[in-house]
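Peer 1: Got a file for you: data_14.cif, mmCIF, C-alpha atoms.
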```
data_data
#
loop_
_atom_site.label_atom_id
_atom_site.label_comp_id
_atom_site.auth_asym_id
_atom_site.auth_seq_id
_atom_site.Cartn_x
_atom_site.Cartn_y
_atom_site.Cartn_z
CA MET A 1 33.59 -5.30 7.21
CA THR A 2 30.46 -5.36 9.37
CA SER A 3 27.13 -6.66 8.19
CA SER A 4 25.70 -3.13 8.20
CA GLU A 5 28.30 -2.11 5.61
CA GLU A 6 27.54 -5.00 3.28
CA THR A 7 25.30 -4.54 0.26
CA PRO A 8 21.78 -5.57 1.35
CA SER A 9 20.24 -8.61 -0.30
CA PHE A 10 17.39 -11.03 0.38
CA ARG A 11 17.34 -14.81 -0.07
CA LEU A 12 13.97 -16.51 -0.44
CA ALA A 13 13.68 -20.28 -0.18
CA TYR A 14 10.73 -22.02 -1.84
CA VAL A 15 9.50 -25.60 -2.05
CA PRO A 16 8.39 -27.42 -5.23
CA GLY A 17 5.00 -26.37 -6.55
CA VAL A 18 5.10 -22.91 -5.01
CA THR A 19 5.42 -20.10 -7.58
CA PRO A 20 6.84 -16.90 -6.02
CA GLY A 21 7.09 -15.04 -9.34
CA LYS A 22 4.41 -12.44 -8.60
CA TRP A 23 5.90 -11.51 -5.24
CA VAL A 24 9.43 -11.40 -6.64
CA ARG A 25 8.24 -9.01 -9.36
CA ILE A 26 6.68 -6.68 -6.78
CA TRP A 27 9.85 -6.83 -4.68
CA ASN A 28 11.99 -5.81 -7.68
CA GLU A 29 9.66 -2.87 -8.34
CA ARG A 30 9.70 -1.62 -4.75
CA LEU A 31 13.28 -2.41 -3.80
CA PRO A 32 15.32 -2.29 -7.02
CA ASP A 33 18.55 -1.79 -5.06
CA VAL A 34 18.07 -4.96 -2.97
CA PRO A 35 18.52 -8.10 -5.12
CA LEU A 36 16.28 -11.06 -4.27
CA THR A 37 17.78 -14.52 -4.78
CA LEU A 38 15.57 -17.62 -5.02
CA VAL A 39 16.76 -20.77 -3.25
CA GLY A 40 14.99 -24.00 -4.21
CA VAL A 41 14.67 -26.53 -1.37
CA SER A 42 12.71 -29.72 -0.85
CA ALA A 43 9.73 -29.66 1.51
CA ALA A 44 11.63 -31.80 4.01
CA GLU A 45 14.69 -29.51 3.96
CA ALA A 46 12.84 -26.18 4.20
CA SER A 47 12.86 -25.68 7.97
CA ASP A 48 16.52 -26.75 8.32
CA ALA A 49 17.50 -24.37 5.52
CA LEU A 50 15.93 -21.46 7.41
CA ARG A 51 17.49 -22.41 10.74
CA GLY A 52 20.83 -22.84 8.98
CA ARG A 53 20.48 -19.31 7.55
CA GLU A 54 20.63 -20.54 3.97
CA ALA A 55 17.74 -18.15 3.34
CA ASP A 56 16.22 -15.10 5.06
CA ALA A 57 12.67 -16.41 4.63
CA GLY A 58 10.96 -19.31 2.90
CA LEU A 59 7.72 -20.33 1.23
CA VAL A 60 7.07 -23.72 2.83
CA ARG A 61 4.37 -26.35 3.17
CA LEU A 62 2.80 -26.89 6.57
CA PRO A 63 3.24 -28.70 8.84
CA ILE A 64 6.92 -28.04 9.45
CA ASP A 65 9.15 -28.21 12.50
CA ARG A 66 8.41 -24.78 14.01
CA THR A 67 11.37 -24.77 16.41
CA ALA A 68 12.73 -21.18 16.43
CA LEU A 69 10.61 -20.35 13.38
CA SER A 70 7.69 -18.00 12.79
CA ALA A 71 5.16 -18.78 10.07
CA ILE A 72 2.27 -16.97 8.41
CA PRO A 73 -0.20 -19.18 6.47
CA LEU A 74 -0.78 -17.72 3.00
CA TYR A 75 -3.18 -20.02 1.15
CA THR A 76 -4.55 -23.55 0.98
CA GLU A 77 -4.34 -25.86 -2.02
CA THR A 78 -6.79 -28.40 -3.35
CA THR A 79 -5.63 -32.02 -3.05
CA VAL A 80 -5.88 -34.20 -6.16
CA VAL A 81 -5.23 -37.79 -7.19
CA VAL A 82 -2.92 -38.33 -10.17
CA VAL A 83 -4.08 -41.19 -12.40
CA PRO A 84 -3.38 -42.54 -15.92
CA LYS A 85 -5.67 -41.04 -18.55
CA ASP A 86 -7.21 -44.46 -19.23
CA HIS A 87 -8.09 -45.02 -15.55
CA ASP A 88 -11.76 -45.18 -14.51
CA MET A 89 -11.31 -42.14 -12.26
CA ALA A 90 -10.35 -40.04 -15.27
CA THR A 91 -14.01 -40.17 -16.37
CA VAL A 92 -15.41 -38.41 -13.27
CA ASP A 93 -15.14 -34.84 -11.99
CA GLU A 94 -14.02 -35.70 -8.45
CA VAL A 95 -13.49 -38.65 -6.12
CA SER A 96 -13.57 -39.41 -2.41
CA ALA A 97 -10.83 -41.05 -0.36
CA ALA A 98 -13.00 -44.14 0.03
CA GLU A 99 -13.02 -44.63 -3.74
CA LEU A 100 -9.24 -45.14 -3.63
CA ALA A 101 -9.54 -48.14 -1.31
CA ASP A 102 -8.86 -50.81 -3.96
CA ASP A 103 -5.91 -49.01 -5.58
CA ILE A 104 -2.27 -48.83 -4.55
CA VAL A 105 -1.68 -45.25 -3.42
CA LEU A 106 1.96 -44.22 -3.44
CA HIS A 107 3.38 -42.38 -0.44
CA PRO A 108 6.64 -40.58 -1.36
CA LEU A 109 9.10 -39.66 1.38
CA ASP A 110 8.69 -35.94 0.65
CA ASP A 111 4.90 -36.04 1.08
CA THR A 112 3.53 -33.29 3.37
CA LEU A 113 -0.20 -34.16 3.48
CA ASP A 114 -1.30 -34.73 7.05
CA TRP A 115 -3.45 -37.87 6.85
CA GLU A 116 -5.07 -39.56 9.84
CA ASP A 117 -5.75 -42.67 7.77
CA ARG A 118 -4.08 -42.85 4.39
CA PRO A 119 -6.38 -44.10 1.61
CA GLY A 120 -5.78 -47.08 -0.64
CA ARG A 121 -3.31 -49.93 -0.31
CA PRO A 122 0.35 -49.13 0.42
CA ALA A 123 3.06 -49.97 -2.07
CA ASN A 124 5.90 -52.33 -1.13
CA GLU A 125 8.33 -49.40 -1.04
CA ARG A 126 7.94 -45.67 -0.66
CA PRO A 127 9.27 -43.59 -3.57
CA ALA A 128 12.02 -41.16 -2.59
CA THR A 129 10.36 -38.12 -4.18
CA THR A 130 7.10 -36.98 -5.68
CA ALA A 131 8.78 -36.93 -9.10
CA ASP A 132 9.66 -40.62 -8.68
CA ALA A 133 6.09 -41.39 -7.66
CA VAL A 134 4.73 -39.67 -10.78
CA GLU A 135 6.92 -41.93 -12.91
CA LEU A 136 5.47 -44.96 -11.15
CA VAL A 137 1.93 -43.76 -11.78
CA ALA A 138 2.77 -43.45 -15.48
CA ALA A 139 4.13 -47.03 -15.36
CA GLY A 140 0.82 -48.26 -13.94
CA VAL A 141 2.22 -49.15 -10.50
CA GLY A 142 -0.25 -47.07 -8.47
CA LEU A 143 -1.92 -43.70 -7.90
CA LEU A 144 -0.62 -40.59 -6.19
CA VAL A 145 -2.40 -38.05 -3.99
CA VAL A 146 -0.69 -34.63 -3.93
CA PRO A 147 -1.39 -30.87 -3.76
CA GLN A 148 -2.70 -29.63 -7.10
CA SER A 149 0.37 -27.47 -7.78
CA LEU A 150 2.60 -30.55 -7.65
CA ALA A 151 0.35 -32.36 -10.10
CA ARG A 152 0.76 -29.40 -12.45
CA LEU A 153 4.50 -29.22 -11.85
CA HIS A 154 4.96 -32.86 -12.84
CA HIS A 155 2.41 -32.81 -15.66
CA ARG A 156 2.62 -35.57 -18.26
CA LYS A 157 0.48 -36.05 -21.36
CA ASP A 158 -0.39 -39.61 -20.35
CA LEU A 159 -1.59 -38.57 -16.86
CA THR A 160 -4.42 -36.49 -15.46
CA TYR A 161 -5.73 -35.62 -12.00
CA ARG A 162 -9.02 -35.22 -10.15
CA PRO A 163 -9.88 -33.44 -6.86
CA VAL A 164 -10.21 -35.63 -3.76
CA THR A 165 -13.13 -34.10 -1.87
CA ASP A 166 -12.33 -35.28 1.67
CA ALA A 167 -8.53 -35.31 1.61
CA PRO A 168 -6.45 -33.04 3.87
CA GLU A 169 -5.43 -29.85 2.09
CA SER A 170 -1.91 -28.50 1.74
CA ARG A 171 -1.22 -25.15 3.40
CA VAL A 172 1.53 -22.87 2.11
CA ALA A 173 3.14 -20.46 4.56
CA LEU A 174 5.86 -17.83 4.76
CA SER A 175 8.39 -18.76 7.43
CA TRP A 176 11.52 -17.17 8.91
CA LEU A 177 13.69 -17.24 12.05
CA GLU A 178 11.86 -15.72 15.02
CA ASP A 179 14.93 -13.79 16.17
CA GLU A 180 15.65 -12.37 12.73
CA THR A 181 12.53 -10.46 11.79
CA THR A 182 14.51 -7.84 9.89
CA ASP A 183 13.22 -4.84 7.95
CA LEU A 184 13.61 -6.83 4.73
CA VAL A 185 11.59 -9.72 6.16
CA GLU A 186 8.89 -7.20 7.13
CA GLU A 187 8.98 -5.83 3.59
CA PHE A 188 8.36 -9.28 2.14
CA ILE A 189 5.60 -10.00 4.66
CA GLY A 190 3.89 -6.82 3.48
CA ILE A 191 4.20 -7.90 -0.14
CA VAL A 192 2.73 -11.39 0.32
CA ARG A 193 -0.09 -9.94 2.41
CA GLY A 194 -0.96 -7.48 -0.32
CA ARG A 195 -0.02 -4.27 1.44
CA THR A 196 0.47 -1.29 -0.83
CA VAL A 197 3.73 0.61 -1.01
CA ASN A 198 2.09 3.44 1.00
CA SER A 199 0.69 1.15 3.69
CA THR A 200 1.02 2.59 7.20
CA ARG A 201 1.94 -0.88 8.47
CA GLY A 202 5.12 -0.92 6.43
CA ARG A 203 8.45 0.44 7.63
CA PRO A 204 9.14 3.63 5.63
CA LYS A 205 12.75 4.22 4.71
CA PRO A 206 14.54 7.41 5.84
CA GLN A 207 14.88 8.60 2.23
CA ALA A 208 11.17 8.14 1.66
CA GLN A 209 10.39 10.03 4.87
CA ALA A 210 12.68 12.90 3.85
CA LYS A 211 11.05 13.11 0.43
CA ALA A 212 7.63 13.11 2.05
CA LYS A 213 8.64 15.99 4.35
CA ASP A 214 10.08 18.00 1.46
CA LYS A 215 6.94 17.41 -0.57
CA HIS A 216 4.79 18.48 2.36
CA ALA A 217 6.88 21.60 2.86
CA ASP A 218 6.57 22.49 -0.81
CA LYS A 219 2.84 22.06 -0.66
CA GLY A 220 2.65 24.20 2.45
CA GLY A 221 4.64 26.99 0.88
CA ALA A 222 2.68 26.82 -2.32
CA GLY A 223 -0.52 26.94 -0.34
CA ARG A 224 0.41 30.12 1.53
CA LYS A 225 1.35 32.17 -1.53
CA PRO A 226 -2.11 32.18 -3.14
CA VAL A 227 -3.62 33.16 0.21
CA ALA A 228 -1.34 36.15 0.46
CA GLY A 229 -2.03 37.03 -3.15
CA LYS A 230 -5.76 36.79 -2.62
CA SER A 231 -5.73 38.94 0.46
CA ALA A 232 -3.56 41.52 -1.29
CA GLY A 233 -5.77 41.38 -4.34
CA LYS A 234 -8.90 41.81 -2.27
CA SER A 235 -7.50 44.71 -0.26
CA GLY A 236 -6.18 46.29 -3.45
CA ALA A 237 -9.50 45.79 -5.16
CA ARG A 238 -11.33 47.28 -2.19
CA THR A 239 -8.98 50.26 -2.13
CA ALA A 240 -9.22 50.78 -5.86
CA GLY A 241 -12.93 50.28 -5.77
CA LYS A 242 -13.43 52.80 -3.01
CA SER A 243 -11.25 55.49 -4.53
CA GLY A 244 -12.45 54.88 -8.06
CA GLY A 245 -16.06 54.70 -6.96
CA LYS A 246 -15.97 57.94 -4.98
CA SER A 247 -14.37 59.91 -7.78
CA THR A 248 -16.88 58.56 -10.27
CA ARG A 249 -19.87 59.38 -8.08
CA SER A 250 -18.57 62.83 -7.23
CA GLY A 251 -17.94 63.52 -10.89
CA SER A 252 -21.43 62.52 -11.91
CA ALA A 253 -23.11 64.20 -8.95
CA ALA A 254 -22.26 67.78 -9.97
CA PRO A 255 -24.30 67.84 -13.16
CA LYS A 256 -27.25 66.21 -11.41
CA ALA A 257 -27.21 68.86 -8.70
CA ALA A 258 -27.33 71.58 -11.34
CA LYS A 259 -30.36 70.00 -12.98
CA ARG A 260 -32.25 69.75 -9.69
CA GLY A 261 -31.95 73.53 -9.16
CA LYS A 262 -35.12 75.52 -10.22
CA PRO A 263 -34.58 78.42 -12.67
CA ARG A 264 -35.53 81.84 -11.36
CA ARG A 265 -38.39 83.66 -13.05
CA ARG A 266 -37.83 87.13 -14.32
CA PRO A 267 -40.10 89.80 -12.82
#
```
Now, as a test, write the supplied structure out as structure tokens.
Peer 2:
Amino acid sequence: MTSSEETPSFRLAYVPGVTPGKWVRIWNERLPDVPLTLVGVSAAEASDALRGREADAGLVRLPIDRTALSAIPLYTETTVVVVPKDHDMATVDEVSAAELADDIVLHPLDDTLDWEDRPGRPANERPATTADAVELVAAGVGLLVVPQSLARLHHRKDLTYRPVTDAPESRVALSWLEDETTDLVEEFIGIVRGRTVNSTRGRPKPQAQAKAKDKHADKGGAGRKPVAGKSAGKSGARTAGKSGGKSTRSGSAAPKAAKRGKPRRRP
């Protein structure tokens, strides 16, 4: 069986913190016959998963290894510092990187923030994951700087977070293999970019084009009938008006002519 004969489907990879729910819902509304499967991957594994064809496209965090990949930046996230609720920083609205100088700032192996100079003091060991780092923050070992969506994902009642005003921001992008920009990939690009279902930049399906032609033909036919009816009605009205009008005037003219005649006087 060739790939063209297989039932079409679409696999979307996504990294922690990214919530594709809205786009998946729109996909299901527009392409109900093409199932979309979500594939969760770590930020570090995202580019390899796409190159290994484990997914048709992916919602990833930049920067990534762009070898053989295309990417469209979608949005940028605020960066925050995760702290215990009884920490001094929990009493302010925001902090700067310099204010983290005296604290241990954890640097998990799956971190994607592109720092030139990391703030704070490094820990003796790097946590394997962001989830592990959050546990260490709760244990009072250090602080953690992450994109805001990850702070929400790993929310704990004993922790809070504050924006870091001068930290690098996390950019989320849609990525896919350069050589496999399929119609379904184009469909998803249109969805994440907010294109409507009738957008001229989309790739209309043959069935949709056929329906559009049929609809146009119906409208054209329906438009011609009233024109013919109007012209017939007008010509008929003119004909009826002329014939009816003449007979009416001729019928009323005879008595008037008789009245205009002067009676003869008798000698």
Peer 1: Exactly which residues make up the result of the PyMOL selection byres ((chain A and resi 58-64) around 10) on this file, given as a short mmCIF file (atom, residue, chain, number, x, y, z; two decimals) with C-alpha atoms, in the coordinates of the input?
Peer 2:
```cif
data_model
loop_
_atom_site.label_atom_id
_atom_site.label_comp_id
_atom_site.auth_asym_id
_atom_site.auth_seq_id
_atom_site.Cartn_x
_atom_site.Cartn_y
_atom_site.Cartn_z
CA ARG A 11 17.34 -14.81 -0.07
CA LEU A 12 13.97 -16.51 -0.44
CA ALA A 13 13.68 -20.28 -0.18
CA TYR A 14 10.73 -22.02 -1.84
CA VAL A 15 9.50 -25.60 -2.05
CA PRO A 16 8.39 -27.42 -5.23
CA GLY A 17 5.00 -26.37 -6.55
CA VAL A 18 5.10 -22.91 -5.01
CA THR A 19 5.42 -20.10 -7.58
CA PRO A 20 6.84 -16.90 -6.02
CA LEU A 38 15.57 -17.62 -5.02
CA VAL A 39 16.76 -20.77 -3.25
CA GLY A 40 14.99 -24.00 -4.21
CA VAL A 41 14.67 -26.53 -1.37
CA SER A 42 12.71 -29.72 -0.85
CA ALA A 43 9.73 -29.66 1.51
CA ALA A 44 11.63 -31.80 4.01
CA GLU A 45 14.69 -29.51 3.96
CA ALA A 46 12.84 -26.18 4.20
CA SER A 47 12.86 -25.68 7.97
CA ASP A 48 16.52 -26.75 8.32
CA ALA A 49 17.50 -24.37 5.52
CA LEU A 50 15.93 -21.46 7.41
CA GLU A 54 20.63 -20.54 3.97
CA ALA A 55 17.74 -18.15 3.34
CA ASP A 56 16.22 -15.10 5.06
CA ALA A 57 12.67 -16.41 4.63
CA ASP A 65 9.15 -28.21 12.50
CA ARG A 66 8.41 -24.78 14.01
CA THR A 67 11.37 -24.77 16.41
CA LEU A 69 10.61 -20.35 13.38
CA ALA A 71 5.16 -18.78 10.07
CA ILE A 72 2.27 -16.97 8.41
CA PRO A 73 -0.20 -19.18 6.47
CA LEU A 74 -0.78 -17.72 3.00
CA THR A 76 -4.55 -23.55 0.98
CA ASP A 111 4.90 -36.04 1.08
CA THR A 112 3.53 -33.29 3.37
CA LEU A 113 -0.20 -34.16 3.48
CA ASP A 114 -1.30 -34.73 7.05
CA GLU A 169 -5.43 -29.85 2.09
CA SER A 170 -1.91 -28.50 1.74
CA ARG A 171 -1.22 -25.15 3.40
CA VAL A 172 1.53 -22.87 2.11
CA ALA A 173 3.14 -20.46 4.56
CA LEU A 174 5.86 -17.83 4.76
CA SER A 175 8.39 -18.76 7.43
CA TRP A 176 11.52 -17.17 8.91
CA LEU A 177 13.69 -17.24 12.05
#
```
Peer 1: Can you measure atom CA of Thr181 of chain A to atom CA of Trp23 of chain A for me? One decimal in Å is fine.
Peer 2: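 Distance reported for this atom pair: 18.3 Å.
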Peer 1: Interatomic distance between atom CA of Leu136 of chain A and atom CA of Arg152 of chain A?
Peer 2: 16.3 Å
Peer 1: Ile191 of chain A: which residues within 10 Å, counting all atoms listed in the file, same-chain residues fewer than 2 positions away excluded, as number ranges by chain?
Peer 2: A: 22-24, 26-27, 30, 185-189, 193-197, 202
Peer 1: Calculated over all atoms listed in the file, which of the candidates A:Asn124, A:Thr78, A:Ala138, A:Leu143 has the smallest distance to Asp102 of chain A?
Peer 2: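 Closest to Asp102 of chain A, using all atoms listed in the file: A:Leu143.
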Peer 1: Quote the spacing between atom CA of His155 of chain A and atom CA of Asp86 of chain A in Å to one decimal place.
Peer 2: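 Here the two named atoms are 15.5 Å from each other.
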Peer 1: Expand the PyMOL selection byres ((chain A and resi 166) around 9) into the explicit residue set it covers here, and present it as a PyMOL selection string.
Peer 2: chain A and resi 79+95-97+164-165+167-169
Peer 1: Which residues are near Val80 of chain A? Cut-off 8 Å, all atoms listed in the file, ignore same chain within fewer than 3 positions. Put them as JSON, numbers by chain.
Peer 2: {"A": [145, 146, 147, 148, 151, 161, 162, 163, 164]}
Peer 1: With all atoms listed in the file as the atoms that count, which of A:Val192, A:Ala98, A:Leu153, A:Ala131 lies nearest to Asp117 of chain A?
Peer 2: A:Ala98
Peer 1: Spell out the residues picked by the PyMOL selection byres ((chain A and resi 133) around 9) here, as a VMD selection string.
Peer 2: chain A and resid 106 to 108 126 to 132 134 to 138 142 to 144
